[in-house]
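See below for my_file.tsv, which holds TSV, C-alpha atoms.
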```tsv
chain	number	residue	atom	x	y	z
L	1	MET	CA	-10.95	-4.73	-15.17
L	2	THR	CA	-7.65	-2.88	-14.69
L	3	LYS	CA	-5.28	-3.58	-11.85
L	4	ASN	CA	-4.09	-0.58	-9.87
L	5	LEU	CA	-0.38	-0.58	-9.16
L	6	SER	CA	0.85	-0.23	-5.61
L	7	GLY	CA	3.23	2.60	-4.81
L	8	LYS	CA	6.13	0.18	-4.59
L	9	GLU	CA	5.35	-1.36	-8.01
L	10	ARG	CA	4.93	2.06	-9.61
L	11	GLY	CA	8.22	3.27	-8.08
L	12	LYS	CA	10.07	0.24	-9.43
L	13	LEU	CA	8.64	0.80	-12.93
L	14	LYS	CA	9.50	4.54	-12.80
L	15	SER	CA	13.06	3.70	-11.84
L	16	GLU	CA	13.34	1.20	-14.70
L	17	ALA	CA	11.82	3.68	-17.18
L	18	LYS	CA	14.20	6.47	-16.16
L	19	THR	CA	17.26	4.74	-17.60
L	20	ARG	CA	15.48	3.14	-20.56
L	21	PRO	CA	15.98	4.68	-24.01
L	22	VAL	CA	12.95	5.95	-25.94
L	23	ASP	CA	11.37	3.02	-27.81
L	24	LEU	CA	9.23	4.96	-30.30
L	25	LYS	CA	8.40	8.50	-31.35
L	26	VAL	CA	4.98	9.76	-32.42
L	27	GLY	CA	5.33	11.33	-35.85
L	28	LYS	CA	3.50	14.17	-37.61
L	29	LYS	CA	0.54	11.89	-38.39
L	30	GLY	CA	-0.01	11.21	-34.68
L	31	ILE	CA	-0.99	7.81	-33.35
L	32	THR	CA	-1.46	5.56	-36.35
L	33	ASP	CA	-2.30	1.87	-36.71
L	34	ASN	CA	1.37	1.19	-37.51
L	35	LEU	CA	2.47	2.85	-34.28
L	36	LEU	CA	-0.08	0.85	-32.28
L	37	SER	CA	1.10	-2.40	-33.86
L	38	GLU	CA	4.73	-1.56	-33.02
L	39	ILE	CA	3.74	-0.86	-29.41
L	40	ARG	CA	1.90	-4.20	-29.26
L	41	ARG	CA	5.03	-5.91	-30.58
L	42	ILE	CA	7.12	-4.29	-27.83
L	43	LEU	CA	4.57	-5.30	-25.18
L	44	GLU	CA	4.84	-8.95	-26.23
L	45	ASP	CA	8.42	-9.02	-24.93
L	46	ASP	CA	8.33	-6.35	-22.21
L	47	GLN	CA	5.74	-4.83	-19.89
L	48	LEU	CA	7.18	-1.33	-20.21
L	49	PHE	CA	7.70	1.06	-23.12
L	50	LYS	CA	8.80	4.66	-23.50
L	51	LEU	CA	7.33	6.99	-26.09
L	52	ARG	CA	8.21	10.51	-27.31
L	53	LEU	CA	4.94	12.40	-27.75
L	54	SER	CA	3.83	15.63	-29.44
L	55	PRO	CA	5.45	18.95	-28.47
L	56	GLU	CA	2.00	20.46	-27.73
L	57	LYS	CA	0.80	19.73	-24.19
L	58	SER	CA	-2.90	19.45	-25.03
L	59	THR	CA	-2.10	17.06	-27.88
L	60	ARG	CA	0.15	15.01	-25.58
L	61	LEU	CA	-2.67	14.58	-23.07
L	62	GLU	CA	-5.04	13.48	-25.85
L	63	GLN	CA	-2.42	11.01	-27.10
L	64	ILE	CA	-2.04	9.52	-23.62
L	65	ASP	CA	-5.80	9.05	-23.29
L	66	HIS	CA	-5.94	7.52	-26.77
L	67	LEU	CA	-3.16	5.03	-25.97
L	68	GLU	CA	-4.76	4.03	-22.67
L	69	ASP	CA	-8.08	3.46	-24.47
L	70	LYS	CA	-6.68	1.53	-27.47
L	71	LEU	CA	-4.12	-0.59	-25.59
L	72	SER	CA	-4.17	-2.13	-22.12
L	73	VAL	CA	-1.55	0.29	-20.79
L	74	SER	CA	-1.26	2.74	-17.94
L	75	LEU	CA	0.82	5.92	-17.76
L	76	ILE	CA	3.70	5.45	-15.31
L	77	SER	CA	5.47	8.79	-15.69
L	78	MET	CA	5.74	11.77	-17.99
L	79	VAL	CA	8.81	13.99	-18.14
L	80	GLY	CA	8.53	16.73	-20.74
L	81	LYS	CA	7.52	15.14	-24.04
L	82	THR	CA	8.51	11.62	-22.99
L	83	ALA	CA	5.98	9.28	-21.41
L	84	SER	CA	6.49	5.81	-19.97
L	85	PHE	CA	3.70	3.26	-20.02
L	86	SER	CA	3.21	-0.12	-18.42
L	87	LYS	CA	1.08	-3.02	-19.59
L	88	VAL	CA	-2.00	-3.43	-17.40
L	89	GLU	CA	-2.73	-6.94	-16.23
L	90	SER	CA	-6.44	-7.77	-16.34
```

Go ahead and express the file in the form of structure tokens.
Amino acid sequence: MTKNLSGKERGKLKSEAKTRPVDLKVGKKGITDNLLSEIRRILEDDQLFKLRLSPEKSTRLEQIDHLEDKLSVSLISMVGKTASFSKVES
């Protein structure tokens, strides 16, 4: 179902994400329906988005899994609390 990115594609997306400002931040309530709808809105125009996640590492990893399950996205890179995701083409 999901398309695996080649190393070249992933590198290009990482480079693009590096200079991109953070699109959204996960608040105290975590990943809510409103946050998911905002991400979907961003993905309509762009295949890449950048998200500031929770300060707790275990919570961040859960949030990444949750986003990959709920949306058709794949983690491109994670630097500290900031993660970049790409839309997965079916």

Practice item. Choose the residue, out of L:Asn4, L:Asn34, L:Ser84, L:Ser72, that has the smallest atom-to-atom separation from Leu51 of chain L; count only C-alpha atoms. Key: L:Ser84

Check your understanding: Pick from L:Gln63, L:Ser77, L:Ser86, L:Ser58: nearest to Ile31 of chain L, with only C-alpha atoms counted?
Key ->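 Ranked by minimum distance to Ile31 of chain L, first place goes to L:Gln63.
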
Check your understanding: Between atom CA of Lys18 of chain L and atom CA of His66 of chain L, what is the spacing in Å?
Key ->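 Between atom CA of His66 of chain L and atom CA of Lys18 of chain L the gap works out to 22.8 Å.
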
Revision key, fill the gap. Residue with the minimum atom-to-atom distance to Leu5 of chain L, picked from L:Ala17, L:Val79, L:Val73, L:Leu36 with only C-alpha atoms counted, is L:Val73

Exercise for review: Calculate how many Å separate atom CA of Ile64 of chain L from atom CA of Phe85 of chain L, rounding to one decimal.
Suggested key: 9.2 Å

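Taking atom CA of Leu48 of chain L and atom CA of Gly80 of chain L as the two end points, the separation is 18.1 Å.
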